[in-house]
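Q: I'm passing along protein.cif; it holds mmCIF, N, CA and C atoms and all ligand atoms.
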```cif
data_target
loop_
_atom_site.label_atom_id
_atom_site.label_comp_id
_atom_site.auth_asym_id
_atom_site.auth_seq_id
_atom_site.Cartn_x
_atom_site.Cartn_y
_atom_site.Cartn_z
N MET G 746 12.47 -51.00 32.09
CA MET G 746 11.11 -51.35 31.64
C MET G 746 10.07 -50.85 32.64
N GLU G 747 8.98 -50.34 32.15
CA GLU G 747 7.88 -49.94 33.02
C GLU G 747 7.21 -51.19 33.59
N PRO G 748 6.60 -51.06 34.78
CA PRO G 748 5.94 -52.24 35.37
C PRO G 748 4.91 -52.88 34.44
N GLU G 749 4.14 -52.04 33.73
CA GLU G 749 3.11 -52.61 32.84
C GLU G 749 3.75 -53.37 31.69
N GLU G 750 4.87 -52.80 31.23
CA GLU G 750 5.59 -53.44 30.13
C GLU G 750 6.12 -54.80 30.58
N ARG G 751 6.64 -54.81 31.82
CA ARG G 751 7.16 -56.07 32.38
C ARG G 751 6.06 -57.12 32.47
N ALA G 752 4.90 -56.69 32.95
CA ALA G 752 3.78 -57.61 33.11
C ALA G 752 3.37 -58.14 31.74
N GLU G 753 3.36 -57.25 30.75
CA GLU G 753 2.98 -57.64 29.40
C GLU G 753 3.98 -58.67 28.85
N THR G 754 5.26 -58.42 29.07
CA THR G 754 6.29 -59.35 28.61
C THR G 754 6.11 -60.70 29.29
N ALA G 755 5.86 -60.66 30.59
CA ALA G 755 5.67 -61.90 31.35
C ALA G 755 4.49 -62.68 30.80
N ARG G 756 3.42 -61.96 30.51
CA ARG G 756 2.22 -62.62 29.98
C ARG G 756 2.52 -63.27 28.63
N ARG G 757 3.28 -62.54 27.81
CA ARG G 757 3.58 -63.05 26.47
C ARG G 757 4.42 -64.32 26.59
N ILE G 758 5.45 -64.26 27.42
CA ILE G 758 6.30 -65.43 27.62
C ILE G 758 5.46 -66.60 28.13
N ASP G 759 4.62 -66.29 29.10
CA ASP G 759 3.74 -67.28 29.70
C ASP G 759 2.91 -68.01 28.65
N SER G 760 2.24 -67.24 27.79
CA SER G 760 1.34 -67.88 26.84
C SER G 760 2.11 -68.67 25.79
N ILE G 761 3.27 -68.16 25.38
CA ILE G 761 4.08 -68.90 24.40
C ILE G 761 4.51 -70.23 25.00
N GLU G 762 5.03 -70.16 26.22
CA GLU G 762 5.54 -71.37 26.85
C GLU G 762 4.44 -72.41 27.03
N VAL G 763 3.28 -71.95 27.47
CA VAL G 763 2.19 -72.90 27.69
C VAL G 763 1.73 -73.48 26.36
N ALA G 764 1.68 -72.64 25.31
CA ALA G 764 1.27 -73.13 23.99
C ALA G 764 2.24 -74.20 23.51
N ASP G 765 3.52 -73.99 23.76
CA ASP G 765 4.55 -74.96 23.37
C ASP G 765 4.34 -76.28 24.09
N ARG G 766 3.83 -76.19 25.29
CA ARG G 766 3.68 -77.38 26.11
C ARG G 766 2.30 -78.00 25.99
N LEU G 767 1.48 -77.44 25.14
CA LEU G 767 0.13 -77.95 25.01
C LEU G 767 0.16 -79.29 24.28
N PRO G 768 -0.30 -80.36 24.94
CA PRO G 768 -0.30 -81.66 24.25
C PRO G 768 -1.35 -81.65 23.13
N PRO G 769 -1.16 -82.49 22.10
CA PRO G 769 -2.16 -82.53 21.03
C PRO G 769 -3.49 -83.02 21.55
N GLU G 770 -4.56 -82.58 20.90
CA GLU G 770 -5.89 -83.00 21.34
C GLU G 770 -6.06 -84.50 21.07
N PRO G 771 -6.39 -85.28 22.09
CA PRO G 771 -6.55 -86.73 21.87
C PRO G 771 -7.83 -87.03 21.11
N GLU G 772 -7.86 -88.21 20.51
CA GLU G 772 -9.09 -88.65 19.85
C GLU G 772 -10.14 -88.91 20.91
N SER G 773 -11.37 -88.57 20.60
CA SER G 773 -12.41 -88.75 21.62
C SER G 773 -12.70 -90.24 21.80
N PRO G 774 -12.83 -90.67 23.06
CA PRO G 774 -13.10 -92.08 23.32
C PRO G 774 -14.46 -92.48 22.76
N GLN G 775 -14.59 -93.79 22.50
CA GLN G 775 -15.85 -94.31 21.96
C GLN G 775 -16.99 -94.05 22.92
N GLY G 776 -18.10 -93.67 22.37
CA GLY G 776 -19.29 -93.48 23.19
C GLY G 776 -19.32 -92.15 23.92
N LEU G 777 -18.43 -91.25 23.50
CA LEU G 777 -18.37 -89.95 24.18
C LEU G 777 -19.63 -89.14 23.88
N ASP G 778 -20.19 -88.56 24.91
CA ASP G 778 -21.31 -87.64 24.74
C ASP G 778 -20.74 -86.23 24.92
N PRO G 779 -20.61 -85.47 23.82
CA PRO G 779 -19.95 -84.17 23.91
C PRO G 779 -20.67 -83.17 24.82
N SER G 780 -21.95 -83.43 25.10
CA SER G 780 -22.67 -82.48 25.94
C SER G 780 -22.68 -82.90 27.40
N ALA G 781 -22.17 -84.11 27.66
CA ALA G 781 -22.21 -84.62 29.05
C ALA G 781 -21.08 -84.00 29.87
N ILE G 782 -21.34 -83.84 31.15
CA ILE G 782 -20.31 -83.37 32.08
C ILE G 782 -19.76 -84.60 32.78
N TYR G 783 -18.49 -84.89 32.50
CA TYR G 783 -17.85 -86.08 33.06
C TYR G 783 -17.05 -85.71 34.31
N CYS G 784 -16.90 -86.70 35.17
CA CYS G 784 -16.11 -86.53 36.37
C CYS G 784 -15.13 -87.70 36.44
N VAL G 785 -13.84 -87.40 36.48
CA VAL G 785 -12.82 -88.45 36.47
C VAL G 785 -11.92 -88.34 37.69
N GLN G 786 -11.71 -89.48 38.32
CA GLN G 786 -10.76 -89.54 39.43
C GLN G 786 -9.35 -89.45 38.84
N VAL G 787 -8.59 -88.48 39.27
CA VAL G 787 -7.24 -88.32 38.71
C VAL G 787 -6.18 -88.63 39.76
N GLY G 788 -6.42 -88.26 41.00
CA GLY G 788 -5.40 -88.44 42.04
C GLY G 788 -4.61 -87.16 42.19
N THR G 789 -3.33 -87.24 41.88
CA THR G 789 -2.48 -86.06 41.96
C THR G 789 -2.43 -85.39 40.60
N ILE G 790 -2.65 -84.09 40.58
CA ILE G 790 -2.59 -83.34 39.33
C ILE G 790 -1.33 -82.49 39.32
N ASN G 791 -0.42 -82.81 38.39
CA ASN G 791 0.82 -82.04 38.31
C ASN G 791 0.63 -80.86 37.37
N VAL G 792 1.00 -79.69 37.85
CA VAL G 792 0.78 -78.48 37.09
C VAL G 792 2.12 -77.77 36.84
N PRO G 793 2.42 -77.46 35.58
CA PRO G 793 3.63 -76.70 35.31
C PRO G 793 3.40 -75.23 35.67
N ARG G 794 4.38 -74.63 36.28
CA ARG G 794 4.23 -73.23 36.69
C ARG G 794 5.51 -72.47 36.32
N PRO G 795 5.35 -71.33 35.64
CA PRO G 795 6.55 -70.56 35.31
C PRO G 795 7.05 -69.78 36.52
N VAL G 796 8.34 -69.74 36.66
CA VAL G 796 8.96 -68.94 37.72
C VAL G 796 9.90 -67.97 37.03
N TYR G 797 9.77 -66.69 37.34
CA TYR G 797 10.63 -65.70 36.71
C TYR G 797 11.80 -65.40 37.63
N LEU G 798 12.97 -65.71 37.16
CA LEU G 798 14.17 -65.50 37.96
C LEU G 798 14.99 -64.36 37.37
N PRO G 799 15.43 -63.44 38.22
CA PRO G 799 16.28 -62.39 37.69
C PRO G 799 17.62 -62.99 37.24
N THR G 800 18.21 -62.40 36.23
CA THR G 800 19.51 -62.88 35.78
C THR G 800 20.58 -62.38 36.74
N ALA G 801 21.77 -62.96 36.65
CA ALA G 801 22.87 -62.57 37.53
C ALA G 801 23.13 -61.08 37.40
N ASP G 802 22.97 -60.56 36.19
CA ASP G 802 23.24 -59.16 35.93
C ASP G 802 22.31 -58.24 36.72
N SER G 803 21.02 -58.56 36.74
CA SER G 803 20.08 -57.68 37.43
C SER G 803 20.23 -57.80 38.95
N VAL G 804 20.69 -58.97 39.43
CA VAL G 804 20.95 -59.12 40.86
C VAL G 804 22.14 -58.26 41.25
N LEU G 805 23.15 -58.29 40.41
CA LEU G 805 24.38 -57.52 40.65
C LEU G 805 24.07 -56.03 40.78
N HIS G 806 23.19 -55.54 39.95
CA HIS G 806 22.87 -54.11 39.98
C HIS G 806 21.69 -53.81 40.88
N ALA G 807 21.25 -54.82 41.65
CA ALA G 807 20.16 -54.66 42.60
C ALA G 807 18.96 -53.92 42.01
N THR G 808 18.58 -54.32 40.83
CA THR G 808 17.44 -53.68 40.19
C THR G 808 16.44 -54.73 39.77
N LEU G 809 15.20 -54.36 39.78
CA LEU G 809 14.15 -55.29 39.35
C LEU G 809 13.84 -55.10 37.86
N ASP G 810 14.48 -54.10 37.28
CA ASP G 810 14.18 -53.80 35.88
C ASP G 810 15.04 -54.60 34.91
N GLY G 811 15.93 -55.42 35.47
CA GLY G 811 16.82 -56.17 34.59
C GLY G 811 16.12 -57.31 33.89
N ASP G 812 16.87 -58.04 33.13
CA ASP G 812 16.32 -59.20 32.43
C ASP G 812 16.03 -60.30 33.43
N TYR G 813 15.19 -61.20 33.03
CA TYR G 813 14.96 -62.35 33.87
C TYR G 813 14.78 -63.56 32.97
N VAL G 814 14.99 -64.70 33.55
CA VAL G 814 14.81 -65.93 32.78
C VAL G 814 13.58 -66.68 33.32
N THR G 815 12.95 -67.38 32.46
CA THR G 815 11.78 -68.14 32.86
C THR G 815 12.18 -69.60 33.07
N GLU G 816 11.85 -70.10 34.23
CA GLU G 816 12.13 -71.50 34.51
C GLU G 816 10.80 -72.17 34.83
N TRP G 817 10.65 -73.41 34.37
CA TRP G 817 9.39 -74.10 34.61
C TRP G 817 9.57 -75.15 35.67
N ILE G 818 8.69 -75.12 36.63
CA ILE G 818 8.69 -76.17 37.65
C ILE G 818 7.33 -76.88 37.57
N THR G 819 7.33 -78.13 37.93
CA THR G 819 6.09 -78.88 37.97
C THR G 819 5.81 -79.22 39.41
N GLU G 820 4.63 -78.88 39.87
CA GLU G 820 4.30 -79.20 41.25
C GLU G 820 2.88 -79.72 41.34
N PRO G 821 2.64 -80.58 42.34
CA PRO G 821 1.28 -81.11 42.48
C PRO G 821 0.33 -80.01 42.91
N LEU G 822 -0.83 -80.03 42.33
CA LEU G 822 -1.86 -79.06 42.67
C LEU G 822 -2.45 -79.43 44.04
N ALA G 823 -2.58 -78.44 44.90
CA ALA G 823 -3.14 -78.69 46.22
C ALA G 823 -4.45 -77.93 46.38
N CYS G 824 -5.36 -78.51 47.11
CA CYS G 824 -6.64 -77.86 47.39
C CYS G 824 -6.40 -76.60 48.22
N PRO G 825 -6.93 -75.46 47.79
CA PRO G 825 -6.72 -74.22 48.53
C PRO G 825 -7.33 -74.27 49.93
N LEU G 826 -8.29 -75.16 50.12
CA LEU G 826 -9.00 -75.21 51.38
C LEU G 826 -8.36 -76.18 52.38
N CYS G 827 -8.17 -77.44 51.95
CA CYS G 827 -7.68 -78.44 52.90
C CYS G 827 -6.24 -78.88 52.60
N ARG G 828 -5.65 -78.32 51.53
CA ARG G 828 -4.23 -78.53 51.23
C ARG G 828 -3.88 -79.93 50.73
N THR G 829 -4.87 -80.79 50.53
CA THR G 829 -4.53 -82.12 50.04
C THR G 829 -4.17 -82.03 48.55
N ASP G 830 -3.29 -82.91 48.11
CA ASP G 830 -2.98 -82.96 46.67
C ASP G 830 -3.26 -84.36 46.12
N ALA G 831 -4.03 -85.13 46.88
CA ALA G 831 -4.36 -86.49 46.45
C ALA G 831 -5.87 -86.64 46.26
N GLU G 832 -6.23 -87.68 45.54
CA GLU G 832 -7.64 -88.01 45.33
C GLU G 832 -8.44 -86.88 44.71
N LEU G 833 -7.79 -86.09 43.87
CA LEU G 833 -8.52 -85.00 43.21
C LEU G 833 -9.22 -85.54 41.97
N LYS G 834 -10.33 -84.91 41.64
CA LYS G 834 -11.09 -85.29 40.45
C LYS G 834 -11.16 -84.10 39.51
N LEU G 835 -11.30 -84.40 38.23
CA LEU G 835 -11.53 -83.36 37.24
C LEU G 835 -12.94 -83.52 36.70
N GLN G 836 -13.61 -82.41 36.52
CA GLN G 836 -14.96 -82.46 36.00
C GLN G 836 -15.14 -81.45 34.88
N GLY G 837 -15.90 -81.84 33.86
CA GLY G 837 -16.20 -80.90 32.79
C GLY G 837 -16.63 -81.62 31.53
N GLN G 838 -16.93 -80.82 30.51
CA GLN G 838 -17.30 -81.37 29.21
C GLN G 838 -16.04 -81.59 28.38
N TRP G 839 -16.11 -82.53 27.44
CA TRP G 839 -15.01 -82.79 26.52
C TRP G 839 -14.66 -81.50 25.77
N GLY G 840 -13.39 -81.08 25.86
CA GLY G 840 -12.94 -79.90 25.13
C GLY G 840 -13.17 -78.59 25.88
N ALA G 841 -13.81 -78.67 27.04
CA ALA G 841 -14.05 -77.46 27.83
C ALA G 841 -13.09 -77.45 29.01
N PRO G 842 -12.79 -76.26 29.56
CA PRO G 842 -11.90 -76.20 30.72
C PRO G 842 -12.42 -77.04 31.88
N ALA G 843 -11.49 -77.60 32.65
CA ALA G 843 -11.86 -78.53 33.71
C ALA G 843 -12.03 -77.82 35.05
N THR G 844 -12.85 -78.43 35.89
CA THR G 844 -13.01 -77.99 37.27
C THR G 844 -12.39 -79.06 38.16
N VAL G 845 -11.60 -78.64 39.14
CA VAL G 845 -11.00 -79.59 40.08
C VAL G 845 -11.97 -79.78 41.24
N MET G 846 -12.15 -81.04 41.63
CA MET G 846 -13.04 -81.34 42.75
C MET G 846 -12.26 -82.07 43.82
N CYS G 847 -12.30 -81.55 45.03
CA CYS G 847 -11.58 -82.14 46.14
C CYS G 847 -12.54 -82.98 46.98
N THR G 848 -11.95 -83.96 47.69
CA THR G 848 -12.78 -84.81 48.54
C THR G 848 -13.45 -84.01 49.67
N CYS G 849 -12.88 -82.84 50.00
CA CYS G 849 -13.47 -82.02 51.08
C CYS G 849 -14.70 -81.28 50.59
N GLY G 850 -14.96 -81.37 49.28
CA GLY G 850 -16.14 -80.71 48.75
C GLY G 850 -15.85 -79.41 48.02
N TYR G 851 -14.61 -78.92 48.13
CA TYR G 851 -14.25 -77.67 47.48
C TYR G 851 -14.03 -77.91 45.99
N GLN G 852 -14.46 -76.97 45.16
CA GLN G 852 -14.25 -77.05 43.71
C GLN G 852 -13.66 -75.75 43.22
N TRP G 853 -12.77 -75.83 42.24
CA TRP G 853 -12.22 -74.61 41.66
C TRP G 853 -11.78 -74.88 40.23
N PRO G 854 -11.74 -73.83 39.39
CA PRO G 854 -11.37 -74.05 38.00
C PRO G 854 -9.89 -74.39 37.86
N LEU G 855 -9.57 -75.35 36.99
CA LEU G 855 -8.18 -75.73 36.74
C LEU G 855 -7.59 -74.74 35.74
N ALA G 856 -6.51 -74.08 36.15
CA ALA G 856 -5.77 -73.15 35.29
C ALA G 856 -6.69 -72.25 34.46
N PRO G 857 -7.46 -71.39 35.13
CA PRO G 857 -8.44 -70.57 34.39
C PRO G 857 -7.81 -69.64 33.35
N ARG G 858 -6.52 -69.34 33.51
CA ARG G 858 -5.85 -68.47 32.51
C ARG G 858 -5.43 -69.25 31.28
N HIS G 859 -5.42 -70.58 31.40
CA HIS G 859 -4.99 -71.41 30.27
C HIS G 859 -6.07 -72.44 29.98
N THR G 860 -7.15 -71.95 29.39
CA THR G 860 -8.33 -72.80 29.22
C THR G 860 -8.06 -74.01 28.32
N GLN G 861 -7.23 -73.83 27.28
CA GLN G 861 -6.95 -74.96 26.39
C GLN G 861 -6.18 -76.05 27.13
N TRP G 862 -5.18 -75.60 27.89
CA TRP G 862 -4.38 -76.55 28.67
C TRP G 862 -5.28 -77.28 29.67
N SER G 863 -6.16 -76.51 30.31
CA SER G 863 -7.10 -77.06 31.28
C SER G 863 -7.99 -78.12 30.63
N ALA G 864 -8.50 -77.81 29.43
CA ALA G 864 -9.36 -78.75 28.71
C ALA G 864 -8.59 -80.03 28.35
N ARG G 865 -7.32 -79.87 27.98
CA ARG G 865 -6.50 -81.03 27.60
C ARG G 865 -6.29 -81.98 28.79
N GLN G 866 -6.15 -81.42 29.98
CA GLN G 866 -5.95 -82.26 31.15
C GLN G 866 -7.15 -83.17 31.38
N LEU G 867 -8.33 -82.59 31.21
CA LEU G 867 -9.55 -83.37 31.38
C LEU G 867 -9.67 -84.41 30.27
N GLN G 868 -9.34 -84.02 29.04
CA GLN G 868 -9.40 -84.96 27.91
C GLN G 868 -8.46 -86.14 28.14
N ALA G 869 -7.22 -85.82 28.58
CA ALA G 869 -6.24 -86.88 28.83
C ALA G 869 -6.73 -87.81 29.94
N ALA G 870 -7.34 -87.23 30.98
CA ALA G 870 -7.85 -88.03 32.10
C ALA G 870 -9.00 -88.93 31.63
N LEU G 871 -9.85 -88.39 30.76
CA LEU G 871 -10.98 -89.18 30.25
C LEU G 871 -10.49 -90.32 29.37
N VAL G 872 -9.50 -90.03 28.52
CA VAL G 872 -8.96 -91.06 27.61
C VAL G 872 -8.33 -92.19 28.42
N SER G 873 -7.52 -91.83 29.43
CA SER G 873 -6.86 -92.90 30.19
C SER G 873 -7.87 -93.64 31.07
N SER G 874 -8.87 -92.94 31.56
CA SER G 874 -9.90 -93.60 32.35
C SER G 874 -10.71 -94.57 31.49
N ALA G 875 -11.01 -94.15 30.26
CA ALA G 875 -11.77 -95.01 29.34
C ALA G 875 -10.95 -96.26 29.00
N ALA G 876 -9.63 -96.10 28.83
CA ALA G 876 -8.77 -97.23 28.49
C ALA G 876 -8.68 -98.21 29.66
N GLN G 877 -8.58 -97.66 30.86
CA GLN G 877 -8.42 -98.51 32.05
C GLN G 877 -9.70 -99.22 32.43
N ASN G 878 -10.83 -98.55 32.24
CA ASN G 878 -12.09 -99.10 32.73
C ASN G 878 -12.96 -99.67 31.62
N ASN G 879 -12.36 -99.78 30.42
CA ASN G 879 -13.12 -100.33 29.32
C ASN G 879 -14.36 -99.50 29.03
N GLY G 880 -14.20 -98.23 29.04
CA GLY G 880 -15.33 -97.36 28.73
C GLY G 880 -15.27 -96.09 29.56
N LEU G 881 -16.06 -95.14 29.15
CA LEU G 881 -16.07 -93.85 29.83
C LEU G 881 -16.81 -93.94 31.16
N PRO G 882 -16.45 -93.07 32.09
CA PRO G 882 -17.27 -93.02 33.32
C PRO G 882 -18.67 -92.55 32.97
N THR G 883 -19.63 -93.01 33.73
CA THR G 883 -21.00 -92.60 33.48
C THR G 883 -21.18 -91.16 33.95
N PRO G 884 -21.64 -90.29 33.05
CA PRO G 884 -21.83 -88.91 33.50
C PRO G 884 -22.94 -88.85 34.54
N PRO G 885 -22.80 -87.96 35.50
CA PRO G 885 -23.86 -87.83 36.51
C PRO G 885 -25.15 -87.41 35.82
N PRO G 886 -26.30 -87.88 36.30
CA PRO G 886 -27.56 -87.50 35.66
C PRO G 886 -27.73 -85.99 35.70
N SER G 887 -28.17 -85.42 34.59
CA SER G 887 -28.36 -83.96 34.56
C SER G 887 -29.59 -83.59 35.37
N LYS G 888 -29.47 -82.44 36.04
CA LYS G 888 -30.56 -82.03 36.93
C LYS G 888 -31.69 -81.41 36.13
ZN ZN T 1 -9.97 -79.91 49.79
#
```
Do you think you could lay out the structure here as structure tokens?
A:
Amino acid sequence: MEPEERAETARRIDSIEVADRLPPEPESPQGLDPSAIYCVQVGTINVPRPVYLPTADSVLHATLDGDYVTEWITEPLACPLCRTDAELKLQGQWGAPATVMCTCGYQWPLAPRHTQWSARQLQAALVSSAAQNNGLPTPPPSK
């Protein structure tokens, strides 16, 4: 396989797998303002990540062009700046991709290649936060 072909195959597998793992869209909590930007304390954010492993056959022939299998691992997301994986927050609009906010002040987009998955994480966090706190978090005042 050509390198570009391999990359294309990897991308295809990636998107199929993530689509399979996409949780259903939850019902919007009562009092949701679809235009508001919410910020939810999540703590540790577990992210599934595909790992491409060469098959025994391609290892045997010492080639990178062989088949490979995709294995999924789940690992806590860590801040690229301070390396913490605790006390993380998600911020964004309902149904839009989420931004991760660290206590150190660093912010970065959650899974920018998988915007639907990213949006679902924020939706799930908002739903559970609304259930626990008897209502949605108050959105920060718009500037
Ligand atoms: Zn940080």
Q: Give me, as number ranges by chain, the set of residues whose atoms come within 5 Å of any atom of ligand ZN 1 (chain T), counting only N, CA and C atoms and all ligand atoms.
A: G: 824, 826-828, 847-849
Q: Compare G:Leu822, G:Leu798, G:Leu835, G:Met846 by their minimum atom-to-atom distance to Ile782 of chain G, counting only N, CA and C atoms, and give me the closest one.
A: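 Comparing G:Leu822, G:Leu798, G:Leu835, G:Met846 against Ile782 of chain G, the winner is G:Leu835.
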Q: Between atom C of Glu772 of chain G and atom CA of Pro884 of chain G, what is the distance in Å, rounded to a tenth?
A: 17.2 Å
Q: Using all atoms listed in the file, which residue out of G:Ala856, G:Tyr797, G:Gly880, G:Ala841 lies closest to Gln868 of chain G?
A: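 Answer, going by the shortest atom-to-atom distance: G:Ala841.
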Q: From the DSSP assignment of the backbone, select every residue of segment 784-833 of chain G that is helix (DSSP H, G or I), and format the answer as a PyMOL selection string.
A: chain G and resi 801-805
Q: Go through G:Pro769, G:Gly850, G:Pro779, G:Pro793 and flag the residue nearest Gln838 of chain G, using only C-alpha atoms for the distances.
A: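 Using only C-alpha atoms, Gln838 of chain G sits closest to G:Pro779.
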Q: Could you please determine the separation between atom CA of Leu871 of chain G and atom N of Asp830 of chain G in Å, to one decimal place?
A: 20.4 Å
Q: What gap, in Å, lies between atom CA of Gln775 of chain G and atom CA of Ala869 of chain G?
A: 14.0 Å
Q: Could you pull the residues within 8 Å of Thr815 of chain G, counting all atoms listed in the file, minus those fewer than 2 positions along the same chain, as a list of chain:residue names?
A: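 In the requested format, the answer is G:Arg794, G:Pro795, G:Val796, G:Tyr797, G:Leu798, G:Pro799, G:Asp812, G:Tyr813, G:Trp817, G:Ile818.
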Q: Choose the residue, out of G:Pro768, G:Ala875, G:Trp862, G:Leu867, that has the smallest atom-to-atom separation from Gln836 of chain G; count only N, CA and C atoms.
A: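 Answer, going by the shortest atom-to-atom distance: G:Leu867.
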